[in-house]
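Pasted below: query_30.txt, compact mmCIF, C-alpha atoms and all ligand atoms.
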```txt
# COMPACT_ATOMS: atom_id res chain seq x y z
CA MET R 1 6.85 5.48 -96.96
CA LYS R 2 9.43 7.23 -99.15
CA GLU R 3 10.54 5.70 -102.43
CA ASP R 4 14.06 4.58 -103.26
CA ILE R 5 15.54 7.18 -105.61
CA ARG R 6 18.35 4.89 -106.84
CA SER R 7 15.73 2.58 -108.36
CA LEU R 8 14.40 5.24 -110.74
CA ALA R 9 15.11 4.92 -114.46
CA PHE R 10 16.26 8.14 -116.10
CA GLU R 11 12.91 8.69 -117.84
CA GLU R 12 11.04 8.34 -114.55
CA LEU R 13 13.30 10.78 -112.78
CA ASN R 14 13.02 13.18 -115.69
CA SER R 15 9.23 13.17 -115.77
CA GLU R 16 9.21 13.74 -111.99
CA ILE R 17 11.53 16.75 -112.34
CA VAL R 18 9.61 18.19 -115.30
CA ASN R 19 6.25 17.67 -113.55
CA LEU R 20 7.58 19.57 -110.57
CA GLY R 21 8.23 22.46 -112.95
CA PHE R 22 12.03 22.25 -113.10
CA PRO R 23 14.09 22.22 -116.29
CA SER R 24 15.05 18.88 -117.76
CA PHE R 25 18.81 19.45 -117.52
CA ARG R 26 18.41 19.12 -113.74
CA SER R 27 17.38 15.48 -114.25
CA LYS R 28 20.66 14.80 -116.02
CA GLN R 29 22.60 16.36 -113.15
CA ILE R 30 20.67 14.48 -110.49
CA TYR R 31 20.82 11.17 -112.35
CA SER R 32 24.57 11.56 -112.78
CA TRP R 33 25.01 12.18 -109.05
CA ILE R 34 23.05 9.04 -108.25
CA GLN R 35 24.16 6.60 -110.93
CA GLU R 36 27.57 7.83 -112.06
CA LYS R 37 29.05 9.47 -108.98
CA CYS R 38 27.22 7.07 -106.65
CA VAL R 39 26.30 9.57 -103.91
CA SER R 40 24.22 8.40 -101.00
CA SER R 41 22.51 11.65 -99.99
CA PHE R 42 20.85 14.71 -101.53
CA ASP R 43 23.35 16.94 -99.66
CA GLU R 44 26.16 15.77 -101.93
CA MET R 45 24.43 17.11 -105.09
CA THR R 46 26.20 20.42 -104.80
CA ASN R 47 25.26 21.88 -108.19
CA VAL R 48 21.53 21.16 -107.70
CA PRO R 49 19.53 24.06 -106.11
CA LEU R 50 18.55 23.45 -102.51
CA ASN R 51 14.79 23.77 -103.18
CA ILE R 52 14.89 20.90 -105.69
CA ARG R 53 16.85 18.73 -103.28
CA GLU R 54 14.38 19.52 -100.50
CA ILE R 55 11.33 18.67 -102.59
CA LEU R 56 12.90 15.41 -103.74
CA SER R 57 13.90 14.43 -100.23
CA GLN R 58 10.28 14.71 -99.09
CA LYS R 59 9.29 11.92 -101.49
CA TYR R 60 12.49 9.93 -101.97
CA GLU R 61 15.29 8.41 -99.94
CA PHE R 62 18.54 6.51 -100.56
CA ARG R 63 18.08 2.91 -99.49
CA GLY R 64 21.72 2.08 -99.13
CA CYS R 65 23.93 -0.60 -97.69
CA LYS R 66 25.87 0.05 -94.51
CA ILE R 67 28.94 -2.11 -93.93
CA ASN R 68 28.29 -4.21 -90.86
CA THR R 69 31.17 -6.67 -91.24
CA LYS R 70 34.06 -6.80 -93.70
CA LEU R 71 36.35 -9.81 -94.04
CA VAL R 72 39.47 -9.83 -96.20
CA SER R 73 41.04 -13.11 -97.30
CA LYS R 74 44.72 -13.43 -96.42
CA ILE R 75 45.10 -15.96 -99.23
CA ASP R 76 43.85 -14.04 -102.25
CA GLY R 77 42.48 -10.65 -101.12
CA THR R 78 38.84 -11.60 -101.68
CA VAL R 79 36.62 -9.26 -99.67
CA LYS R 80 33.33 -10.28 -98.16
CA TYR R 81 30.81 -7.75 -96.89
CA LEU R 82 27.84 -8.16 -94.64
CA PHE R 83 25.69 -5.14 -95.43
CA GLU R 84 22.89 -3.81 -93.27
CA LEU R 85 19.84 -2.56 -95.18
CA TYR R 86 17.52 0.32 -94.27
CA ASP R 87 15.12 -1.99 -92.43
CA GLY R 88 17.76 -3.80 -90.36
CA GLU R 89 17.98 -6.85 -92.65
CA TYR R 90 21.33 -8.13 -93.91
CA VAL R 91 22.74 -9.20 -97.26
CA GLU R 92 26.15 -10.42 -98.35
CA SER R 93 28.36 -9.43 -101.28
CA VAL R 94 31.80 -10.68 -102.25
CA VAL R 95 34.44 -8.83 -104.29
CA MET R 96 37.10 -10.86 -106.06
CA LYS R 97 40.20 -9.61 -107.81
CA TYR R 98 41.09 -11.20 -111.11
CA LYS R 99 43.70 -10.44 -113.75
CA TYR R 100 41.06 -8.55 -115.73
CA GLY R 101 39.85 -6.43 -112.81
CA TYR R 102 37.35 -6.59 -109.98
CA SER R 103 34.27 -8.77 -109.93
CA ILE R 104 31.40 -8.57 -107.45
CA CYS R 105 28.92 -11.25 -106.46
CA VAL R 106 25.69 -9.58 -105.30
CA SER R 107 22.57 -10.79 -103.51
CA SER R 108 19.16 -10.20 -105.07
CA GLN R 109 16.89 -11.11 -102.15
CA VAL R 110 17.03 -11.19 -98.37
CA GLY R 111 16.90 -14.94 -97.80
CA CYS R 112 15.57 -17.30 -100.45
CA LYS R 113 12.40 -19.32 -101.09
CA MET R 114 14.04 -22.06 -103.13
CA GLY R 115 15.17 -24.30 -100.28
CA CYS R 116 18.12 -26.07 -101.96
CA THR R 117 19.35 -28.40 -99.23
CA PHE R 118 23.08 -27.74 -99.75
CA CYS R 119 22.76 -23.94 -99.68
CA ALA R 120 23.29 -21.72 -96.64
CA SER R 121 21.08 -19.00 -98.14
CA ALA R 122 18.03 -21.20 -97.76
CA ILE R 123 18.45 -21.41 -94.00
CA GLY R 124 15.84 -19.19 -92.36
CA GLY R 125 13.73 -18.94 -95.52
CA PHE R 126 12.70 -15.89 -97.49
CA VAL R 127 12.36 -12.39 -96.07
CA ARG R 128 11.92 -9.97 -98.98
CA ASN R 129 12.99 -8.88 -102.44
CA LEU R 130 15.67 -6.25 -102.87
CA ALA R 131 14.77 -3.14 -104.86
CA ALA R 132 16.89 -2.41 -107.93
CA GLY R 133 18.56 0.48 -106.10
CA GLU R 134 19.45 -1.73 -103.16
CA ILE R 135 21.26 -4.21 -105.40
CA LEU R 136 23.03 -1.24 -107.01
CA SER R 137 24.03 0.03 -103.61
CA GLU R 138 25.84 -3.26 -102.91
CA VAL R 139 28.06 -2.41 -105.90
CA PHE R 140 28.40 1.27 -104.99
CA ALA R 141 29.21 0.61 -101.32
CA ALA R 142 31.90 -1.92 -102.24
CA GLN R 143 33.42 0.38 -104.88
CA LYS R 144 33.52 3.26 -102.44
CA ASP R 145 35.03 1.20 -99.65
CA LEU R 146 37.73 -0.33 -101.87
CA GLY R 147 38.33 2.78 -103.97
CA VAL R 148 38.14 0.76 -107.18
CA LYS R 149 35.87 0.44 -110.19
CA ILE R 150 34.17 -2.93 -110.39
CA ASN R 151 33.80 -4.14 -113.96
CA HIS R 152 32.32 -7.64 -113.70
CA LEU R 153 29.23 -8.73 -111.84
CA VAL R 154 27.60 -12.03 -110.99
CA LEU R 155 24.09 -12.38 -109.59
CA MET R 156 25.10 -15.41 -107.54
CA GLY R 157 24.72 -14.21 -103.99
CA THR R 158 21.74 -14.92 -101.78
CA GLY R 159 18.37 -15.12 -103.49
CA GLU R 160 16.91 -16.32 -106.76
CA PRO R 161 17.26 -13.47 -109.30
CA LEU R 162 14.50 -14.79 -111.55
CA ASP R 163 12.13 -14.83 -108.55
CA ASN R 164 12.73 -11.06 -108.28
CA TYR R 165 12.62 -10.62 -112.03
CA ASP R 166 11.39 -7.02 -112.48
CA ASN R 167 13.75 -5.52 -109.91
CA VAL R 168 16.70 -7.50 -111.23
CA MET R 169 15.99 -6.45 -114.83
CA ARG R 170 15.79 -2.83 -113.74
CA PHE R 171 19.02 -3.20 -111.79
CA ILE R 172 20.77 -4.53 -114.91
CA GLU R 173 19.38 -1.64 -116.99
CA LEU R 174 20.61 0.91 -114.47
CA LEU R 175 24.05 -0.64 -114.06
CA THR R 176 24.64 -0.87 -117.81
CA ASP R 177 23.25 2.60 -118.57
CA GLU R 178 25.90 4.69 -120.29
CA LYS R 179 24.78 7.70 -118.25
CA GLY R 180 25.64 5.74 -115.10
CA GLN R 181 28.22 3.01 -114.43
CA ASN R 182 28.11 1.88 -118.06
CA LEU R 183 29.07 -1.68 -117.12
CA SER R 184 29.22 -3.95 -120.13
CA ILE R 185 26.31 -6.41 -120.25
CA ARG R 186 28.84 -8.99 -121.47
CA HIS R 187 30.44 -8.74 -118.04
CA ILE R 188 27.27 -9.74 -116.20
CA SER R 189 26.26 -13.30 -115.26
CA LEU R 190 22.93 -14.28 -113.80
CA SER R 191 22.54 -17.57 -111.98
CA THR R 192 19.21 -19.34 -111.62
CA CYS R 193 18.03 -22.56 -110.02
CA GLY R 194 15.68 -22.97 -112.97
CA ILE R 195 12.55 -20.79 -112.99
CA VAL R 196 11.56 -21.98 -116.46
CA PRO R 197 9.03 -19.32 -117.62
CA LYS R 198 11.47 -16.56 -116.71
CA ILE R 199 14.27 -18.23 -118.67
CA TYR R 200 12.04 -17.86 -121.76
CA ASP R 201 11.33 -14.21 -120.90
CA LEU R 202 15.02 -13.53 -120.45
CA ALA R 203 15.90 -15.28 -123.70
CA ASP R 204 13.43 -13.12 -125.61
CA LYS R 205 15.10 -9.98 -124.24
CA LYS R 206 18.34 -11.04 -126.00
CA LEU R 207 20.43 -9.18 -123.45
CA GLY R 208 23.89 -10.62 -124.04
CA LEU R 209 24.51 -11.53 -120.42
CA THR R 210 25.73 -14.99 -119.39
CA LEU R 211 23.09 -17.31 -118.00
CA SER R 212 24.27 -19.78 -115.38
CA VAL R 213 21.93 -22.60 -114.50
CA SER R 214 22.31 -24.46 -111.23
CA LEU R 215 21.74 -27.99 -112.40
CA HIS R 216 23.62 -30.04 -109.79
CA ALA R 217 22.15 -33.37 -110.94
CA PRO R 218 21.84 -35.51 -114.07
CA ASN R 219 18.23 -36.62 -113.50
CA ASN R 220 15.00 -35.85 -111.66
CA GLU R 221 15.55 -38.45 -108.98
CA ILE R 222 18.81 -36.92 -107.76
CA ARG R 223 17.81 -33.30 -108.44
CA SER R 224 14.55 -33.56 -106.48
CA LYS R 225 16.47 -34.75 -103.44
CA SER R 226 18.32 -31.46 -103.07
CA MET R 227 16.39 -28.89 -105.13
CA PRO R 228 12.66 -28.51 -104.36
CA VAL R 229 12.25 -26.30 -107.47
CA ASN R 230 12.65 -29.48 -109.52
CA SER R 231 9.15 -30.63 -108.57
CA LYS R 232 7.76 -27.50 -110.21
CA TYR R 233 10.00 -27.38 -113.29
CA ASP R 234 11.64 -30.71 -113.95
CA ILE R 235 14.95 -31.32 -115.64
CA ASP R 236 13.51 -31.92 -119.12
CA GLU R 237 11.47 -28.69 -119.05
CA LEU R 238 14.52 -26.87 -117.72
CA LEU R 239 16.86 -28.17 -120.41
CA THR R 240 14.32 -27.42 -123.13
CA ALA R 241 14.23 -23.82 -121.88
CA CYS R 242 18.05 -23.75 -121.78
CA ARG R 243 18.22 -25.00 -125.36
CA TYR R 244 15.80 -22.22 -126.36
CA TYR R 245 17.91 -19.67 -124.49
CA ALA R 246 21.14 -20.72 -126.20
CA GLU R 247 19.53 -20.84 -129.64
CA THR R 248 17.71 -17.52 -129.26
CA THR R 249 20.62 -15.55 -127.84
CA GLY R 250 23.56 -17.39 -129.39
CA ARG R 251 25.13 -17.38 -125.92
CA ARG R 252 26.68 -20.38 -124.23
CA ILE R 253 24.94 -21.51 -121.05
CA SER R 254 27.03 -22.22 -118.02
CA PHE R 255 25.73 -25.20 -116.03
CA GLU R 256 26.71 -25.21 -112.38
CA TYR R 257 27.24 -28.63 -110.86
CA ALA R 258 28.12 -28.81 -107.16
CA MET R 259 29.81 -32.17 -106.71
CA ILE R 260 28.60 -33.92 -103.59
CA LYS R 261 30.30 -37.10 -102.46
CA GLY R 262 28.10 -40.14 -103.01
CA LEU R 263 25.10 -38.17 -104.23
CA ASN R 264 25.77 -36.96 -107.77
CA ASP R 265 29.40 -37.77 -108.56
CA SER R 266 29.37 -41.33 -109.95
CA ASP R 267 30.49 -42.30 -113.47
CA GLU R 268 26.85 -43.10 -114.26
CA ALA R 269 25.84 -39.59 -113.19
CA ALA R 270 28.52 -38.08 -115.44
CA LYS R 271 27.42 -40.22 -118.40
CA GLU R 272 23.76 -39.35 -117.91
CA LEU R 273 24.63 -35.66 -117.62
CA ALA R 274 26.71 -35.86 -120.79
CA SER R 275 23.88 -37.44 -122.75
CA ARG R 276 21.34 -34.88 -121.49
CA LEU R 277 23.51 -31.87 -122.31
CA LYS R 278 24.70 -33.10 -125.68
CA GLY R 279 23.84 -30.62 -128.39
CA ILE R 280 23.27 -27.65 -126.05
CA LEU R 281 25.71 -24.75 -126.48
CA CYS R 282 27.13 -24.95 -122.96
CA HIS R 283 29.97 -25.24 -120.51
CA VAL R 284 29.89 -27.20 -117.25
CA ASN R 285 31.27 -25.58 -114.12
CA LEU R 286 32.04 -28.20 -111.49
CA ILE R 287 32.06 -26.86 -107.95
CA PRO R 288 33.35 -29.03 -105.10
CA VAL R 289 30.43 -28.52 -102.68
CA ASN R 290 31.19 -26.01 -99.95
CA LYS R 291 30.82 -27.13 -96.41
CA VAL R 292 27.83 -25.53 -94.71
CA THR R 293 27.82 -25.95 -90.93
CA GLU R 294 24.14 -26.85 -90.80
CA ARG R 295 24.48 -29.57 -93.49
CA ASN R 296 26.63 -32.66 -93.70
CA TYR R 297 27.44 -32.86 -97.40
CA GLU R 298 31.01 -33.66 -98.37
CA LYS R 299 33.11 -32.62 -101.35
CA SER R 300 33.81 -35.14 -104.07
CA THR R 301 37.40 -36.33 -104.32
CA LEU R 302 39.82 -34.86 -106.88
CA ASP R 303 39.75 -38.18 -108.66
CA ARG R 304 35.95 -37.98 -109.09
CA GLN R 305 36.23 -34.40 -110.36
CA LYS R 306 38.75 -35.52 -112.95
CA ARG R 307 36.58 -38.45 -114.05
CA PHE R 308 33.63 -36.09 -114.52
CA ILE R 309 35.66 -33.78 -116.71
CA ASP R 310 36.95 -36.69 -118.80
CA ILE R 311 33.50 -38.18 -119.35
CA LEU R 312 31.95 -34.83 -120.31
CA GLN R 313 34.84 -33.95 -122.58
CA SER R 314 34.66 -37.31 -124.31
CA VAL R 315 31.35 -36.20 -125.84
CA GLY R 316 32.62 -32.69 -126.62
CA ILE R 317 31.23 -30.84 -123.58
CA THR R 318 33.76 -28.49 -122.01
CA ALA R 319 33.97 -28.70 -118.23
CA THR R 320 36.20 -27.09 -115.63
CA VAL R 321 36.44 -27.12 -111.85
CA ARG R 322 35.74 -23.70 -110.41
CA ARG R 323 38.63 -22.13 -108.54
CA THR R 324 37.83 -21.45 -104.92
CA LEU R 325 38.51 -17.92 -103.71
CA GLY R 326 38.32 -16.59 -100.18
CA SER R 327 38.19 -20.04 -98.58
CA ASP R 328 39.55 -18.64 -95.28
CA ILE R 329 36.66 -16.16 -94.98
CA ASN R 330 33.84 -18.52 -95.92
CA ALA R 331 33.32 -16.46 -99.06
CA SER R 332 30.51 -18.58 -100.46
CA CYS R 333 27.13 -17.04 -100.01
CA GLY R 334 24.80 -17.07 -97.09
CA GLN R 335 27.08 -18.19 -94.31
CA LEU R 336 27.83 -14.82 -92.76
CA ARG R 337 24.20 -13.77 -92.76
CA ALA R 338 23.20 -17.14 -91.33
CA SER R 339 25.68 -16.73 -88.47
CA LYS R 340 24.42 -13.17 -87.87
CA ARG R 341 20.84 -14.45 -87.67
CA LYS R 342 21.89 -17.12 -85.19
CA ALA R 343 23.59 -14.51 -83.04
CA VAL R 344 20.41 -12.40 -83.10
CA VAL R 345 18.16 -15.35 -82.25
CA LYS R 346 20.34 -16.43 -79.28
N1 LIG R 401 19.48 -18.79 -106.76
C1 LIG R 401 20.50 -18.75 -107.76
C2 LIG R 401 21.75 -17.97 -107.37
C3 LIG R 401 22.33 -18.12 -106.00
S1 LIG R 401 23.39 -19.43 -105.54
C4 LIG R 401 20.87 -20.14 -108.18
O1 LIG R 401 20.36 -21.09 -107.60
O2 LIG R 401 21.60 -20.29 -109.16
C5 LIG R 401 24.84 -19.36 -106.50
C6 LIG R 401 25.38 -20.77 -106.80
O3 LIG R 401 25.97 -21.38 -105.66
C7 LIG R 401 24.29 -21.72 -107.28
O4 LIG R 401 24.78 -22.49 -108.36
C8 LIG R 401 24.09 -22.60 -106.06
O5 LIG R 401 23.46 -23.80 -106.37
C9 LIG R 401 25.51 -22.73 -105.55
N2 LIG R 401 25.64 -23.20 -104.18
C10 LIG R 401 24.84 -22.96 -103.13
N3 LIG R 401 25.31 -23.59 -102.03
C11 LIG R 401 26.43 -24.23 -102.40
C12 LIG R 401 27.36 -25.05 -101.70
N4 LIG R 401 27.23 -25.34 -100.40
N5 LIG R 401 28.41 -25.53 -102.42
C13 LIG R 401 28.57 -25.24 -103.72
N6 LIG R 401 27.72 -24.48 -104.42
C14 LIG R 401 26.65 -23.98 -103.77
```
Take the structure in this file and express it as structure tokens.
Amino acid sequence: MKEDIRSLAFEELNSEIVNLGFPSFRSKQIYSWIQEKCVSSFDEMTNVPLNIREILSQKYEFRGCKINTKLVSKIDGTVKYLFELYDGEYVESVVMKYKYGYSICVSSQVGCKMGCTFCASAIGGFVRNLAAGEILSEVFAAQKDLGVKINHLVLMGTGEPLDNYDNVMRFIELLTDEKGQNLSIRHISLSTCGIVPKIYDLADKKLGLTLSVSLHAPNNEIRSKSMPVNSKYDIDELLTACRYYAETTGRRISFEYAMIKGLNDSDEAAKELASRLKGILCHVNLIPVNKVTERNYEKSTLDRQKRFIDILQSVGITATVRRTLGSDINASCGQLRASKRKAVVK
């Protein structure tokens, strides 16, 4: 099978070109076509001699994203894509417009192994990892379709980025490369359900991205009910790793907390959360749980959300409720792909 050319680091592409007997400046041209100008075929590399393009195309291909479905929110312009991959699988990406520019939420895997009970991405289980170039192509395809430059990125779509660690790290390197899109690492957030050893690895890289941790519970009893990963890495191990991350990188951790009526939204839960997080450089992002057709969780009331914020803030922990965008197009992850799968299965 051919390899994905978009996944190649510059040095790898360069040694390939030089080994084939071509001058090194060709690597710069080719890399720029792929990573800066975001082409999706060898034909578009008009200043590269045909024989080089032909040789490369025998070994490499562009594993891109084809738009299968595009939904645009009438409320706030949020755009949701269902992309088809080279092997017929699907992933979702969402582009949001903010005052500071465009932000994309990308998927890192087809499906997910983690099995969080409130999450639509878990339905149907795990299929495969995305290659670095495939994650890049989510960004490139959206930019091309919208005719805009995307300058913020969150790894919060389908999949667990730290369960596809090597490809995700390579993706981040490629996207932030100054010879390519040159996206600022400060504009990237990575969200994890808590793969503890990889949080240490990431901390030691001192990358400057924002780490979001999907906590969703103040203790093991509640967390284990909805997040199977908690039986492997429990809340104390997770928070110890988070403390290490914040201390090593100097970056504030963002804890995600989906508020589910009757499950994790009591005053006691807020107090326990506050005492556990005390002393960690962090912010708490409260998310009223999104309705997923296959699940019957309900959002916490506005009053509960406010109580949570008050209790956390009383011990000096900043907390906000995340604004919902694209509510009319089911913009939260996994739902479009899940409905596509259902349609296929029928
Ligand atoms: N696997 C990673 C990233 C993907 S999910 C992670 O777990 O962090 C992105 C965020 O959406 C996570 O915080 C996840 O817990 C949250 N999420 C999933 N389903 C949700 C739902 N129905 N309502 C609110 N948040 C949800």
Using all atoms listed in the file, what does the table of chain R residues within 6 Å of ligand LIG 401 (chain R) look like, with each row giving the shortest atom pair and its distance in Å to one decimal, sorted by chain and ascending number, as JSON lines?
```
{"residue": "R:Phe118", "atom": "CA", "partner": "R:LIG401", "partner_atom": "N4", "distance": 4.8}
{"residue": "R:Cys119", "atom": "CA", "partner": "R:LIG401", "partner_atom": "N3", "distance": 3.5}
{"residue": "R:Met156", "atom": "CA", "partner": "R:LIG401", "partner_atom": "C5", "distance": 4.1}
{"residue": "R:Gly157", "atom": "CA", "partner": "R:LIG401", "partner_atom": "C3", "distance": 5.0}
{"residue": "R:Thr158", "atom": "CA", "partner": "R:LIG401", "partner_atom": "C3", "distance": 5.3}
{"residue": "R:Gly159", "atom": "CA", "partner": "R:LIG401", "partner_atom": "N1", "distance": 5.0}
{"residue": "R:Glu160", "atom": "CA", "partner": "R:LIG401", "partner_atom": "N1", "distance": 3.6}
{"residue": "R:Ser191", "atom": "CA", "partner": "R:LIG401", "partner_atom": "O2", "distance": 4.0}
{"residue": "R:Thr192", "atom": "CA", "partner": "R:LIG401", "partner_atom": "O2", "distance": 3.6}
{"residue": "R:Cys193", "atom": "CA", "partner": "R:LIG401", "partner_atom": "O1", "distance": 3.7}
{"residue": "R:Val213", "atom": "CA", "partner": "R:LIG401", "partner_atom": "O2", "distance": 5.8}
{"residue": "R:Ser214", "atom": "CA", "partner": "R:LIG401", "partner_atom": "O4", "distance": 4.3}
{"residue": "R:Glu256", "atom": "CA", "partner": "R:LIG401", "partner_atom": "O4", "distance": 5.2}
{"residue": "R:Ala258", "atom": "CA", "partner": "R:LIG401", "partner_atom": "C13", "distance": 5.0}
{"residue": "R:Ile287", "atom": "CA", "partner": "R:LIG401", "partner_atom": "C13", "distance": 5.7}
{"residue": "R:Val289", "atom": "CA", "partner": "R:LIG401", "partner_atom": "N5", "distance": 3.6}
{"residue": "R:Asn290", "atom": "CA", "partner": "R:LIG401", "partner_atom": "N5", "distance": 3.7}
{"residue": "R:Lys291", "atom": "CA", "partner": "R:LIG401", "partner_atom": "N4", "distance": 5.7}
{"residue": "R:Val292", "atom": "CA", "partner": "R:LIG401", "partner_atom": "N4", "distance": 5.7}
```
Inset, instruction - Please provide as an MDAnalysis selection string all residues within 12 Å of Arg53 in chain R, with the sequence filter that same-chain residues fewer than 2 positions apart are discarded (counting all atoms listed in the file). - result: chainID R and resid 5 17 20 22 26:27 29:30 33 41:51 55:61
Legend entry - Atomic separation - CA of Asn264 in chain R relative to CA of Glu298 in chain R, Å: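 Pair CA of Glu298 in chain R / CA of Asn264 in chain R returns 11.3 Å.
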Inset, instruction - Tell me, in Å to one decimal, how far CA of Phe10 in chain R is from CA of Lys179 in chain R. - result: 8.8 Å
Neighbours of Glu138 in chain R within 8 Å (only C-alpha atoms; same-chain residues fewer than 6 positions away dropped), as an mmCIF file with C-alpha atoms, in the frame of the given file?
```
data_model
loop_
_atom_site.group_PDB
_atom_site.id
_atom_site.type_symbol
_atom_site.label_atom_id
_atom_site.label_comp_id
_atom_site.auth_asym_id
_atom_site.auth_seq_id
_atom_site.Cartn_x
_atom_site.Cartn_y
_atom_site.Cartn_z
ATOM 1 C CA GLY R 64 21.720 2.080 -99.130
ATOM 2 C CA CYS R 65 23.930 -0.600 -97.690
ATOM 3 C CA PHE R 83 25.690 -5.140 -95.430
ATOM 4 C CA SER R 93 28.360 -9.430 -101.280
ATOM 5 C CA VAL R 106 25.690 -9.580 -105.300
#
```
Legend entry - Distance criterion (only C-alpha atoms): nearest to Leu174 in chain R out of R:Val79, R:Ile34, R:Leu211, R:Val127: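 Result for the nearest residue to Leu174 in chain R: R:Ile34.
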Inset, instruction - Kindly indicate which residue among R:Arg337, R:Arg251, R:Arg6, R:Arg243 lies nearest to Leu277 in chain R, using all atoms listed in the file for the distances. - result: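 The closest residue to Leu277 in chain R is R:Arg243.
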Legend entry - Closest of R:Cys38, R:Val148, R:Ile309, R:Leu273 to Gly180 in chain R - atom-to-atom distances counting all atoms listed in the file: R:Cys38
Inset, instruction - Kindly indicate which residue among R:Arg223, R:Asp265, R:Asn151, R:Leu215 lies nearest to Asn182 in chain R, using only C-alpha atoms for the distances. - result: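 Among the listed residues, the smallest separation from Asn182 in chain R belongs to R:Asn151.
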Inset, instruction - Find, counting all atoms listed in the file, the residue in R:Glu134, R:Glu221, R:Glu247, R:Glu36 that gets nearest to Ile235 in chain R. - result: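 Under the stated criterion, the closest residue is R:Glu221.
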Enumerate, as a compact mmCIF listing (two decimals) with C-alpha atoms, keeping the file's coordinate frame, the protein, DNA and RNA residues whose atoms approach (10.5, -0.5, -90.9) to within 12 Å, taking into account all atoms listed in the file and the coordinate frame of the file.
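The resulting part.txt:
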```
# COMPACT_ATOMS: atom_id res chain seq x y z
CA MET R 1 6.85 5.48 -96.96
CA LYS R 2 9.43 7.23 -99.15
CA ARG R 63 18.08 2.91 -99.49
CA LEU R 85 19.84 -2.56 -95.18
CA TYR R 86 17.52 0.32 -94.27
CA ASP R 87 15.12 -1.99 -92.43
CA GLY R 88 17.76 -3.80 -90.36
CA GLU R 89 17.98 -6.85 -92.65
```
Legend entry - R:Glu173, R:Glu54, R:Asp145, R:Glu84 ranked by distance to Ala9 in chain R, top pick (using all atoms listed in the file):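 Among the listed residues, R:Glu173 lies closest to Ala9 in chain R.
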Inset, instruction - Find the distance between CA of Leu238 in chain R and CA of Arg252 in chain R and write it in Å to one decimal. - result: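 CA of Arg252 in chain R lies 15.2 Å from CA of Leu238 in chain R.
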